[in-house]
>>> print(open('structure-v1.pdb').read())   # PDB, C-alpha atoms
ATOM      1  CA  MET F 624      49.114  78.171  76.063
ATOM      2  CA  ALA F 625      46.060  75.950  75.826
ATOM      3  CA  GLU F 626      44.723  77.248  79.123
ATOM      4  CA  GLY F 627      43.512  80.839  79.363
ATOM      5  CA  LYS F 628      43.799  81.282  75.612
ATOM      6  CA  VAL F 629      41.449  83.923  74.248
ATOM      7  CA  ASP F 630      39.685  83.096  71.004
ATOM      8  CA  PRO F 631      39.749  86.410  69.121
ATOM      9  CA  VAL F 632      36.769  85.661  66.872
ATOM     10  CA  HIS F 633      34.444  84.277  69.534
ATOM     11  CA  GLN F 634      33.078  87.786  70.147
ATOM     12  CA  PHE F 635      31.546  87.829  66.666
ATOM     13  CA  THR F 636      29.371  84.778  67.274
ATOM     14  CA  ILE F 637      25.708  85.429  66.541
ATOM     15  CA  GLU F 638      23.463  83.582  68.956
ATOM     16  CA  PRO F 639      19.698  83.549  69.453
ATOM     17  CA  LEU F 640      18.433  85.138  72.651
ATOM     18  CA  PHE F 641      15.398  84.734  74.900
ATOM     19  CA  GLY F 642      14.694  81.187  73.651
ATOM     20  CA  THR F 643      13.633  82.329  70.188
ATOM     21  CA  ASP F 644      16.049  79.999  68.376
ATOM     22  CA  GLN F 645      13.218  77.935  66.830
ATOM     23  CA  LEU F 646      11.202  80.910  65.601
ATOM     24  CA  SER F 647      10.726  80.682  61.859
ATOM     25  CA  ILE F 648       8.690  82.007  58.961
ATOM     26  CA  ALA F 649       8.276  79.755  55.901
ATOM     27  CA  GLY F 650      11.293  77.657  56.881
ATOM     28  CA  HIS F 651      13.608  80.626  57.479
ATOM     29  CA  ASN F 652      14.945  81.068  60.958
ATOM     30  CA  ILE F 653      14.092  84.524  62.315
ATOM     31  CA  ALA F 654      15.479  84.127  65.839
ATOM     32  CA  PHE F 655      16.013  87.341  67.786
ATOM     33  CA  THR F 656      19.816  87.355  67.932
ATOM     34  CA  ASN F 657      22.308  89.422  69.870
ATOM     35  CA  SER F 658      23.013  91.304  66.631
ATOM     36  CA  ALA F 659      19.339  92.259  66.359
ATOM     37  CA  LEU F 660      19.295  93.197  70.049
ATOM     38  CA  TRP F 661      22.242  95.569  69.673
ATOM     39  CA  MET F 662      20.794  97.118  66.528
ATOM     40  CA  ALA F 663      17.563  97.700  68.475
ATOM     41  CA  ILE F 664      19.536  99.224  71.373
ATOM     42  CA  THR F 665      21.408 101.443  68.898
ATOM     43  CA  THR F 666      18.136 102.641  67.378
ATOM     44  CA  LEU F 667      16.654 103.267  70.813
ATOM     45  CA  VAL F 668      19.674 105.274  72.002
ATOM     46  CA  LEU F 669      19.615 107.209  68.732
ATOM     47  CA  ILE F 670      15.910 108.048  69.111
ATOM     48  CA  VAL F 671      16.428 109.149  72.719
ATOM     49  CA  PHE F 672      19.464 111.235  71.754
ATOM     50  CA  VAL F 673      17.843 112.997  68.803
ATOM     51  CA  GLY F 674      14.385 113.222  70.440
ATOM     52  CA  GLY F 675      15.801 114.738  73.601
ATOM     53  CA  GLY F 676      17.638 117.424  71.641
ATOM     54  CA  ALA F 677      14.913 118.235  69.114
ATOM     55  CA  ARG F 678      13.683 121.277  70.983
ATOM     56  CA  GLN F 679      13.468 124.648  69.328
ATOM     57  CA  ALA F 680      14.798 126.827  72.112
ATOM     58  CA  LEU F 681      16.180 130.112  70.824
ATOM     59  CA  VAL F 682      19.200 129.728  73.087
ATOM     60  CA  PRO F 683      20.053 126.015  72.781
ATOM     61  CA  GLY F 684      21.082 124.042  75.806
ATOM     62  CA  ARG F 685      23.931 121.508  75.739
ATOM     63  CA  TRP F 686      21.827 118.618  74.493
ATOM     64  CA  GLN F 687      20.135 120.591  71.720
ATOM     65  CA  MET F 688      23.542 121.992  70.746
ATOM     66  CA  ALA F 689      24.984 118.467  70.431
ATOM     67  CA  VAL F 690      22.153 117.293  68.153
ATOM     68  CA  GLU F 691      22.263 120.494  66.106
ATOM     69  CA  SER F 692      25.999 120.189  65.564
ATOM     70  CA  PHE F 693      25.448 116.666  64.170
ATOM     71  CA  THR F 694      22.640 117.745  61.818
ATOM     72  CA  GLY F 695      24.649 120.798  60.799
ATOM     73  CA  PHE F 696      27.660 118.595  60.109
ATOM     74  CA  VAL F 697      25.704 116.256  57.815
ATOM     75  CA  ASP F 698      24.005 119.236  56.173
ATOM     76  CA  ASP F 699      27.417 120.763  55.381
ATOM     77  CA  LEU F 700      28.594 117.407  54.044
ATOM     78  CA  LEU F 701      25.662 117.257  51.598
ATOM     79  CA  ARG F 702      25.921 120.896  50.616
ATOM     80  CA  SER F 703      29.640 120.746  49.819
ATOM     81  CA  ASN F 704      29.429 117.425  47.948
ATOM     82  CA  ILE F 705      26.118 117.579  46.069
ATOM     83  CA  GLY F 706      25.146 121.229  46.155
ATOM     84  CA  ALA F 707      21.847 122.934  46.888
ATOM     85  CA  ASN F 708      19.668 120.087  45.551
ATOM     86  CA  GLY F 709      21.356 117.597  47.903
ATOM     87  CA  ARG F 710      19.298 118.653  50.926
ATOM     88  CA  LYS F 711      16.544 116.137  50.189
ATOM     89  CA  TYR F 712      18.984 113.336  51.113
ATOM     90  CA  LEU F 713      19.568 114.807  54.581
ATOM     91  CA  PRO F 714      17.178 112.392  56.401
ATOM     92  CA  TYR F 715      18.788 109.328  54.801
ATOM     93  CA  VAL F 716      22.425 110.349  55.176
ATOM     94  CA  PHE F 717      21.839 111.633  58.725
ATOM     95  CA  SER F 718      20.189 108.338  59.798
ATOM     96  CA  LEU F 719      22.948 106.352  58.097
ATOM     97  CA  PHE F 720      25.752 108.357  59.704
ATOM     98  CA  MET F 721      24.211 108.358  63.174
ATOM     99  CA  PHE F 722      23.276 104.677  63.103
ATOM    100  CA  ILE F 723      26.777 103.600  62.079
ATOM    101  CA  LEU F 724      28.396 105.987  64.554
ATOM    102  CA  PHE F 725      26.220 104.833  67.448
ATOM    103  CA  ALA F 726      26.559 101.144  66.560
ATOM    104  CA  ASN F 727      30.364 101.503  66.422
ATOM    105  CA  MET F 728      30.520 103.429  69.691
ATOM    106  CA  LEU F 729      28.104 101.206  71.627
ATOM    107  CA  GLY F 730      30.107  98.142  70.565
ATOM    108  CA  LEU F 731      33.152  99.643  72.290
ATOM    109  CA  LEU F 732      31.466 100.163  75.657
ATOM    110  CA  PRO F 733      33.266  98.302  78.470
ATOM    111  CA  LEU F 734      30.039  96.572  79.539
ATOM    112  CA  ALA F 735      31.875  93.268  79.978
ATOM    113  CA  LEU F 736      32.825  94.579  83.422
ATOM    114  CA  PHE F 737      29.186  93.999  84.393
ATOM    115  CA  GLY F 738      28.950  90.625  82.665
ATOM    116  CA  LEU F 739      27.205  91.952  79.554
ATOM    117  CA  HIS F 740      28.873  91.418  76.218
ATOM    118  CA  PRO F 741      28.605  94.329  73.843
ATOM    119  CA  PHE F 742      28.215  93.317  70.224
ATOM    120  CA  THR F 743      29.055  95.497  67.249
ATOM    121  CA  PRO F 744      26.482  94.909  64.483
ATOM    122  CA  THR F 745      28.726  96.794  62.026
ATOM    123  CA  SER F 746      31.434  94.130  62.422
ATOM    124  CA  HIS F 747      29.348  91.820  60.224
ATOM    125  CA  PHE F 748      29.334  92.006  56.456
ATOM    126  CA  THR F 749      25.621  91.140  56.361
ATOM    127  CA  VAL F 750      24.761  94.390  58.154
ATOM    128  CA  THR F 751      27.229  96.717  56.427
ATOM    129  CA  GLY F 752      26.511  95.031  53.092
ATOM    130  CA  VAL F 753      22.785  95.772  53.401
ATOM    131  CA  LEU F 754      23.547  99.396  54.311
ATOM    132  CA  ALA F 755      25.846  99.646  51.286
ATOM    133  CA  ILE F 756      23.244  98.076  48.972
ATOM    134  CA  LEU F 757      20.704 100.591  50.316
ATOM    135  CA  SER F 758      23.009 103.479  49.360
ATOM    136  CA  PHE F 759      23.807 101.921  45.996
ATOM    137  CA  GLY F 760      20.108 101.250  45.307
ATOM    138  CA  ILE F 761      19.221 104.890  46.007
ATOM    139  CA  VAL F 762      22.016 105.983  43.636
ATOM    140  CA  LEU F 763      20.648 103.706  40.887
ATOM    141  CA  ILE F 764      17.015 104.768  41.399
ATOM    142  CA  VAL F 765      17.820 108.483  41.521
ATOM    143  CA  GLY F 766      20.185 108.204  38.556
ATOM    144  CA  PHE F 767      17.756 106.380  36.272
ATOM    145  CA  ALA F 768      14.694 108.349  37.416
ATOM    146  CA  LYS F 769      16.397 111.672  36.870
ATOM    147  CA  HIS F 770      18.477 111.072  33.743
ATOM    148  CA  GLY F 771      16.956 107.962  32.167
ATOM    149  CA  PHE F 772      19.401 106.079  29.980
ATOM    150  CA  HIS F 773      21.534 109.195  29.836
ATOM    151  CA  PHE F 774      22.789 107.915  33.236
ATOM    152  CA  PHE F 775      25.137 105.605  31.302
ATOM    153  CA  SER F 776      27.148 108.661  30.261
ATOM    154  CA  LEU F 777      28.569 108.355  33.794
ATOM    155  CA  PHE F 778      30.793 105.592  32.421
ATOM    156  CA  VAL F 779      32.218 107.786  29.661
ATOM    157  CA  PRO F 780      33.677 110.899  31.290
ATOM    158  CA  HIS F 781      33.076 114.123  29.422
ATOM    159  CA  GLY F 782      35.706 114.793  26.729
ATOM    160  CA  THR F 783      37.012 111.226  26.404
ATOM    161  CA  PRO F 784      38.691 110.737  22.997
ATOM    162  CA  VAL F 785      36.685 108.279  20.848
ATOM    163  CA  PRO F 786      39.480 105.634  20.530
ATOM    164  CA  MET F 787      39.681 105.523  24.333
ATOM    165  CA  ILE F 788      35.962 104.796  24.895
ATOM    166  CA  PRO F 789      36.187 100.954  24.539
ATOM    167  CA  ILE F 790      38.910 100.938  27.228
ATOM    168  CA  ILE F 791      37.446 103.567  29.567
ATOM    169  CA  PHE F 792      33.888 102.197  29.540
ATOM    170  CA  PRO F 793      34.609  98.755  31.104
ATOM    171  CA  ILE F 794      36.982 100.287  33.658
ATOM    172  CA  GLU F 795      34.407 102.861  34.756
ATOM    173  CA  LEU F 796      31.665 100.236  34.758
ATOM    174  CA  ILE F 797      33.656  97.875  36.983
ATOM    175  CA  SER F 798      34.673 100.675  39.332
ATOM    176  CA  PHE F 799      30.987 101.614  39.583
ATOM    177  CA  LEU F 800      29.785  98.070  40.224
ATOM    178  CA  VAL F 801      32.433  97.412  42.891
ATOM    179  CA  ARG F 802      31.240 100.406  44.963
ATOM    180  CA  PRO F 803      28.709  98.597  47.190
ATOM    181  CA  PHE F 804      31.282  95.902  48.003
ATOM    182  CA  SER F 805      34.060  98.342  48.844
ATOM    183  CA  LEU F 806      31.647 100.509  50.843
ATOM    184  CA  GLY F 807      30.400  97.629  52.991
ATOM    185  CA  LEU F 808      33.751  95.856  53.200
ATOM    186  CA  ARG F 809      35.612  98.919  54.482
ATOM    187  CA  LEU F 810      33.334  99.457  57.476
ATOM    188  CA  PHE F 811      33.069  95.769  58.345
ATOM    189  CA  VAL F 812      36.800  95.056  58.149
ATOM    190  CA  ALA F 813      37.809  98.208  60.020
ATOM    191  CA  MET F 814      35.459  97.318  62.885
ATOM    192  CA  MET F 815      36.363  93.634  62.914
ATOM    193  CA  ALA F 816      40.134  94.244  62.722
ATOM    194  CA  GLY F 817      39.970  96.649  65.660
ATOM    195  CA  HIS F 818      38.037  94.224  67.833
ATOM    196  CA  VAL F 819      40.313  91.302  66.931
ATOM    197  CA  LEU F 820      43.365  93.419  67.748
ATOM    198  CA  LEU F 821      41.980  94.339  71.182
ATOM    199  CA  GLU F 822      41.115  90.719  71.881
ATOM    200  CA  VAL F 823      44.571  89.458  70.850
ATOM    201  CA  LEU F 824      46.206  92.050  73.115
ATOM    202  CA  SER F 825      43.914  91.047  75.985
ATOM    203  CA  GLY F 826      45.055  87.465  75.363
ATOM    204  CA  PHE F 827      48.673  88.643  75.840
ATOM    205  CA  VAL F 828      47.722  90.406  79.068
ATOM    206  CA  ILE F 829      45.970  87.322  80.493
ATOM    207  CA  ALA F 830      48.690  84.877  79.445
ATOM    208  CA  GLY F 831      51.444  87.204  80.675
ATOM    209  CA  THR F 832      49.792  87.751  84.039
ATOM    210  CA  ASN F 833      49.314  84.027  84.534
ATOM    211  CA  GLY F 834      52.977  83.392  83.665
ATOM    212  CA  GLY F 835      54.448  85.075  86.768
ATOM    213  CA  ALA F 836      56.181  88.354  87.647
ATOM    214  CA  LEU F 837      58.731  88.290  84.802
ATOM    215  CA  THR F 838      56.259  87.798  81.944
ATOM    216  CA  PHE F 839      53.915  90.275  83.640
ATOM    217  CA  GLY F 840      56.620  92.925  83.457
ATOM    218  CA  ILE F 841      57.877  92.287  79.938
ATOM    219  CA  ALA F 842      54.647  91.192  78.194
ATOM    220  CA  ALA F 843      51.437  91.895  80.105
ATOM    221  CA  LEU F 844      52.121  95.467  81.241
ATOM    222  CA  PRO F 845      53.316  96.858  77.862
ATOM    223  CA  SER F 846      50.408  95.055  76.151
ATOM    224  CA  PHE F 847      47.957  96.627  78.575
ATOM    225  CA  ILE F 848      49.348 100.121  77.991
ATOM    226  CA  LEU F 849      49.213  99.519  74.236
ATOM    227  CA  MET F 850      45.633  98.304  74.616
ATOM    228  CA  VAL F 851      44.557 101.547  76.302
ATOM    229  CA  GLY F 852      46.100 103.475  73.405
ATOM    230  CA  ILE F 853      44.446 101.231  70.814
ATOM    231  CA  CYS F 854      41.097 101.765  72.559
ATOM    232  CA  ALA F 855      41.463 105.522  72.012
ATOM    233  CA  LEU F 856      42.427 104.824  68.391
ATOM    234  CA  GLU F 857      39.335 102.631  67.995
ATOM    235  CA  LEU F 858      37.104 105.496  69.147
ATOM    236  CA  LEU F 859      38.710 107.617  66.427
ATOM    237  CA  VAL F 860      38.274 104.854  63.836
ATOM    238  CA  ALA F 861      34.596 104.438  64.828
ATOM    239  CA  GLY F 862      34.022 108.110  64.052
ATOM    240  CA  ILE F 863      36.133 108.158  60.882
ATOM    241  CA  GLN F 864      34.481 105.064  59.400
ATOM    242  CA  ALA F 865      30.979 106.450  60.002
ATOM    243  CA  TYR F 866      32.108 109.716  58.392
ATOM    244  CA  VAL F 867      33.723 107.942  55.427
ATOM    245  CA  PHE F 868      30.579 105.864  54.834
ATOM    246  CA  ALA F 869      28.391 108.989  54.833
ATOM    247  CA  LEU F 870      30.924 110.914  52.742
ATOM    248  CA  LEU F 871      31.195 108.224  50.049
ATOM    249  CA  THR F 872      27.394 107.919  49.967
ATOM    250  CA  CYS F 873      27.298 111.674  49.296
ATOM    251  CA  VAL F 874      29.930 111.384  46.564
ATOM    252  CA  TYR F 875      28.015 108.563  44.866
ATOM    253  CA  LEU F 876      24.718 110.471  45.188
ATOM    254  CA  ASN F 877      26.450 113.418  43.567
ATOM    255  CA  ASP F 878      27.248 111.232  40.545
ATOM    256  CA  ALA F 879      23.577 110.255  40.285
ATOM    257  CA  GLU F 880      22.293 113.786  40.859
ATOM    258  CA  ASN F 881      24.650 115.769  38.650
ATOM    259  CA  LEU F 882      26.397 113.141  36.443
ATOM    260  CA  HIS F 883      29.810 114.550  35.557
TER     261      HIS F 883
ATOM    262  CA  MET X 649      55.114  71.700  53.401
ATOM    263  CA  ASP X 650      51.647  70.663  54.504
ATOM    264  CA  ALA X 651      48.567  72.693  53.619
ATOM    265  CA  GLU X 652      47.967  74.007  57.138
ATOM    266  CA  SER X 653      51.392  75.620  57.506
ATOM    267  CA  ALA X 654      51.212  77.000  53.958
ATOM    268  CA  LYS X 655      47.918  78.693  54.900
ATOM    269  CA  LEU X 656      49.432  80.290  57.984
ATOM    270  CA  LEU X 657      52.511  81.428  56.026
ATOM    271  CA  GLY X 658      50.222  82.983  53.438
ATOM    272  CA  ALA X 659      48.264  84.770  56.160
ATOM    273  CA  GLY X 660      51.531  86.104  57.562
ATOM    274  CA  LEU X 661      52.650  87.278  54.121
ATOM    275  CA  ALA X 662      49.321  89.090  53.739
ATOM    276  CA  ALA X 663      50.347  91.270  56.698
ATOM    277  CA  ILE X 664      52.939  92.879  54.371
ATOM    278  CA  GLY X 665      49.972  94.437  52.580
ATOM    279  CA  ALA X 666      48.807  96.075  55.810
ATOM    280  CA  GLY X 667      52.282  97.558  56.287
ATOM    281  CA  LEU X 668      52.370  98.907  52.730
ATOM    282  CA  ALA X 669      48.906 100.431  53.151
ATOM    283  CA  SER X 670      50.230 102.254  56.216
ATOM    284  CA  LEU X 671      52.754 103.950  53.888
ATOM    285  CA  GLY X 672      49.871 104.974  51.646
ATOM    286  CA  VAL X 673      47.710 106.335  54.464
ATOM    287  CA  GLY X 674      50.691 108.170  55.944
ATOM    288  CA  ASN X 675      51.421 109.659  52.541
ATOM    289  CA  VAL X 676      47.850 110.923  52.155
ATOM    290  CA  PHE X 677      47.934 112.789  55.466
ATOM    291  CA  ALA X 678      51.551 113.975  55.041
ATOM    292  CA  LYS X 679      50.828 115.544  51.671
ATOM    293  CA  PHE X 680      47.612 117.078  52.958
ATOM    294  CA  LEU X 681      49.410 118.632  55.909
ATOM    295  CA  GLU X 682      52.181 119.874  53.642
ATOM    296  CA  GLY X 683      49.668 121.581  51.382
ATOM    297  CA  ALA X 684      47.546 122.806  54.296
ATOM    298  CA  LEU X 685      50.507 124.536  55.950
ATOM    299  CA  ARG X 686      51.364 126.308  52.733
ATOM    300  CA  ASN X 687      47.809 127.525  52.192
ATOM    301  CA  PRO X 688      45.827 127.218  55.442
ATOM    302  CA  GLY X 689      42.895 129.150  53.955
ATOM    303  CA  ALA X 690      42.147 126.406  51.421
ATOM    304  CA  ALA X 691      42.688 123.500  53.832
ATOM    305  CA  ASP X 692      39.219 123.266  55.393
ATOM    306  CA  GLY X 693      37.491 123.028  52.027
ATOM    307  CA  GLN X 694      39.575 120.014  51.043
ATOM    308  CA  GLN X 695      38.885 117.807  54.048
ATOM    309  CA  GLY X 696      36.305 115.777  52.147
ATOM    310  CA  ARG X 697      38.870 114.936  49.467
ATOM    311  CA  LEU X 698      41.402 114.114  52.198
ATOM    312  CA  PHE X 699      39.087 111.476  53.621
ATOM    313  CA  ILE X 700      38.202 110.070  50.192
ATOM    314  CA  GLY X 701      41.934 109.572  49.577
ATOM    315  CA  PHE X 702      42.337 108.093  53.034
ATOM    316  CA  ALA X 703      39.424 105.697  52.461
ATOM    317  CA  ALA X 704      40.793 104.546  49.103
ATOM    318  CA  ALA X 705      44.290 103.927  50.510
ATOM    319  CA  GLU X 706      42.947 102.242  53.629
ATOM    320  CA  LEU X 707      40.643  99.896  51.729
ATOM    321  CA  LEU X 708      43.581  98.226  49.982
ATOM    322  CA  GLY X 709      45.244  97.581  53.323
ATOM    323  CA  LEU X 710      42.017  96.181  54.758
ATOM    324  CA  LEU X 711      41.770  93.820  51.797
ATOM    325  CA  SER X 712      45.034  92.192  52.905
ATOM    326  CA  PHE X 713      43.426  91.625  56.307
ATOM    327  CA  VAL X 714      40.471  89.985  54.554
ATOM    328  CA  VAL X 715      42.886  87.734  52.654
ATOM    329  CA  ALA X 716      44.585  86.735  55.912
ATOM    330  CA  MET X 717      41.232  86.027  57.603
ATOM    331  CA  ILE X 718      40.047  83.934  54.652
ATOM    332  CA  LEU X 719      43.285  81.927  54.698
ATOM    333  CA  VAL X 720      43.116  81.276  58.444
ATOM    334  CA  PHE X 721      39.391  80.637  58.918
ATOM    335  CA  VAL X 722      37.799  79.806  55.574
ATOM    336  CA  ALA X 723      40.268  78.161  53.179
TER     337      ALA X 723
END
>>> encode(input="structure-v1.pdb", output="structure tokens")
Amino acid sequence: MAEGKVDPVHQFTIEPLFGTDQLSIAGHNIAFTNSALWMAITTLVLIVFVGGGARQALVPGRWQMAVESFTGFVDDLLRSNIGANGRKYLPYVFSLFMFILFANMLGLLPLALFGLHPFTPTSHFTVTGVLAILSFGIVLIVGFAKHGFHFFSLFVPHGTPVPMIPIIFPIELISFLVRPFSLGLRLFVAMMAGHVLLEVLSGFVIAGTNGGALTFGIAALPSFILMVGICALELLVAGIQAYVFALLTCVYLNDAENLH
Amino acid sequence: MDAESAKLLGAGLAAIGAGLASLGVGNVFAKFLEGALRNPGAADGQQGRLFIGFAAAELLGLLSFVVAMILVFVA
């Protein structure tokens, strides 16, 4: 088992590229890593995708239709969750949704066939955590700017009986403060678990194939078929997690915008 | 029992949580489908709530994965 064993977490290693590993500002290493490279690629692909479809033809072509269906989708999401005054968050939620979606999808590309190793930036808590803190920060700023200290009424739902307030308040407060963690954790773990699962199955395929005809038949082949199915499932999960992140951001923004 | 094997046993036990979360996620979609087939007209408007329920149920399963990962790689 020692030989040909696949290390399932090796794919998450962050390494500096292009000899920038000593680059630093004020003692902090700012090397250009593979994570940064794949985030840059994601942004580039996103700009090309949206820029190429941002034409205003009266009869949209395929590309324009694809971009418009995405913007329309996010617009609907905001309208149904926040209401008419939610449209001003469209640029933020659209960028968030598209960035996560593209990062998830690009990380699943089978580029390893050509010797390149795709990296999923969203499989790291540092990246998803920052995105979650960004959403949470906007909720806090909008909430306090719009409602002032009345924002704290969020923690005491309307119509709570007075004896219940000392119990409800801490529960609501904790559930509010845990939001950025749960938001970032969900995306990061879903991405990481999927990639680990694929890697473990690929380990079965390699070990089974090396073991001879019998283990190939009973272990490697079923694992490979399962792997193809899991790949399709991962594409679905990549979409669902991007959607859930955008959806929960909308729900939290709704709390800040309208209280409850 | 030495610490290393206790860690791995704990990580294995954490997988029970993933199985239980699968019950929860299945329940969310089963109930949604049940309601949606009774009143298909109202189904599309409730998809947002469906995915909020899915996300909440899924998160608790993912936490068990985090526990397993911490036991294997960090602790």
>>> residues_around(input="structure-v1.pdb", residues="segment 664-669 of chain F", least_positions_apart="5", cutoff="7 Å", atoms="only C-alpha atoms", output="PDB file with C-alpha atoms, keeping the file's coordinate frame")
ATOM      1  CA  PHE F 722      23.276 104.677  63.103  1.00  0.00           C
ATOM      2  CA  PHE F 725      26.220 104.833  67.448  1.00  0.00           C
ATOM      3  CA  ALA F 726      26.559 101.144  66.560  1.00  0.00           C
TER       4      ALA F 726
END
>>> interface_residues(input="structure-v1.pdb", of="chain F", to="chain X", cutoff="8 Å", atoms="all atoms listed in the file", output="VMD selection string")
chain F and resid 805 809 812 to 813 816 867 870 to 871
>>> resolve_selection(input="structure-v1.pdb", expression="the PyMOL selection byres ((chain F and resi 854-861) around 7)", output="JSON list (two decimals) with C-alpha atoms, in the coordinates of the input")
[["chain", "number", "residue", "atom", "x", "y", "z"],
["F", 724, "LEU", "CA", 28.40, 105.99, 64.55],
["F", 727, "ASN", "CA", 30.36, 101.50, 66.42],
["F", 728, "MET", "CA", 30.52, 103.43, 69.69],
["F", 817, "GLY", "CA", 39.97, 96.65, 65.66],
["F", 850, "MET", "CA", 45.63, 98.30, 74.62],
["F", 851, "VAL", "CA", 44.56, 101.55, 76.30],
["F", 852, "GLY", "CA", 46.10, 103.48, 73.40],
["F", 853, "ILE", "CA", 44.45, 101.23, 70.81],
["F", 862, "GLY", "CA", 34.02, 108.11, 64.05],
["F", 863, "ILE", "CA", 36.13, 108.16, 60.88],
["F", 864, "GLN", "CA", 34.48, 105.06, 59.40],
["F", 865, "ALA", "CA", 30.98, 106.45, 60.00]]
>>> residues_around(input="structure-v1.pdb", residues="Pro714 of chain F", least_positions_apart="5", cutoff="10 Å", atoms="only C-alpha atoms", output="list in words")
Thr694, Val697, Asp698 and Leu719 of chain F
>>> closest_residue(input="structure-v1.pdb", among="X:Met649, X:Ile718, X:Ala705, X:Ala684", to="Gly667 of chain X", atoms="all atoms listed in the file")
X:Ala705
>>> closest_residue(input="structure-v1.pdb", among="X:Leu681, X:Ala691, X:Ala723, X:Leu671", to="Glu652 of chain X", atoms="only C-alpha atoms")
X:Ala723
>>> atom_distance(input="structure-v1.pdb", atom1="atom CA of Asn704 of chain F", atom2="atom CA of Val716 of chain F")
12.3 Å
>>> atom_distance(input="structure-v1.pdb", atom1="atom CA of Glu638 of chain F", atom2="atom CA of Leu656 of chain X")
28.4 Å
>>> atom_distance(input="structure-v1.pdb", atom1="atom CA of Val722 of chain X", atom2="atom CA of Ala654 of chain X")
13.8 Å
>>> build_atoms(input="structure-v1.pdb", residues="segment 732-743 of chain F", atoms="N, CA and C atoms", output="short mmCIF file (atom, residue, chain, number, x, y, z; two decimals), keeping the file's coordinate frame")
data_model
loop_
_atom_site.label_atom_id
_atom_site.label_comp_id
_atom_site.auth_asym_id
_atom_site.auth_seq_id
_atom_site.Cartn_x
_atom_site.Cartn_y
_atom_site.Cartn_z
N LEU F 732 31.71 99.92 74.24
CA LEU F 732 31.47 100.16 75.66
C LEU F 732 32.03 99.03 76.50
N PRO F 733 32.68 99.35 77.62
CA PRO F 733 33.27 98.30 78.47
C PRO F 733 32.23 97.63 79.36
N LEU F 734 31.12 97.17 78.75
CA LEU F 734 30.04 96.57 79.54
C LEU F 734 30.41 95.19 80.07
N ALA F 735 31.49 94.60 79.53
CA ALA F 735 31.88 93.27 79.98
C ALA F 735 32.23 93.28 81.45
N LEU F 736 32.55 94.46 81.99
CA LEU F 736 32.83 94.58 83.42
C LEU F 736 31.62 94.16 84.25
N PHE F 737 30.41 94.36 83.68
CA PHE F 737 29.19 94.00 84.39
C PHE F 737 28.61 92.69 83.89
N GLY F 738 29.41 91.92 83.13
CA GLY F 738 28.95 90.62 82.66
C GLY F 738 28.16 90.66 81.38
N LEU F 739 27.89 91.86 80.84
CA LEU F 739 27.20 91.95 79.55
C LEU F 739 28.24 91.98 78.45
N HIS F 740 27.90 91.41 77.30
CA HIS F 740 28.87 91.42 76.22
C HIS F 740 28.39 92.30 75.08
N PRO F 741 29.01 93.47 74.94
CA PRO F 741 28.60 94.33 73.84
C PRO F 741 28.93 93.68 72.50
N PHE F 742 28.07 93.92 71.54
CA PHE F 742 28.22 93.32 70.22
C PHE F 742 28.16 94.46 69.22
N THR F 743 29.05 94.43 68.24
CA THR F 743 29.06 95.50 67.25
C THR F 743 28.38 95.00 65.98
#
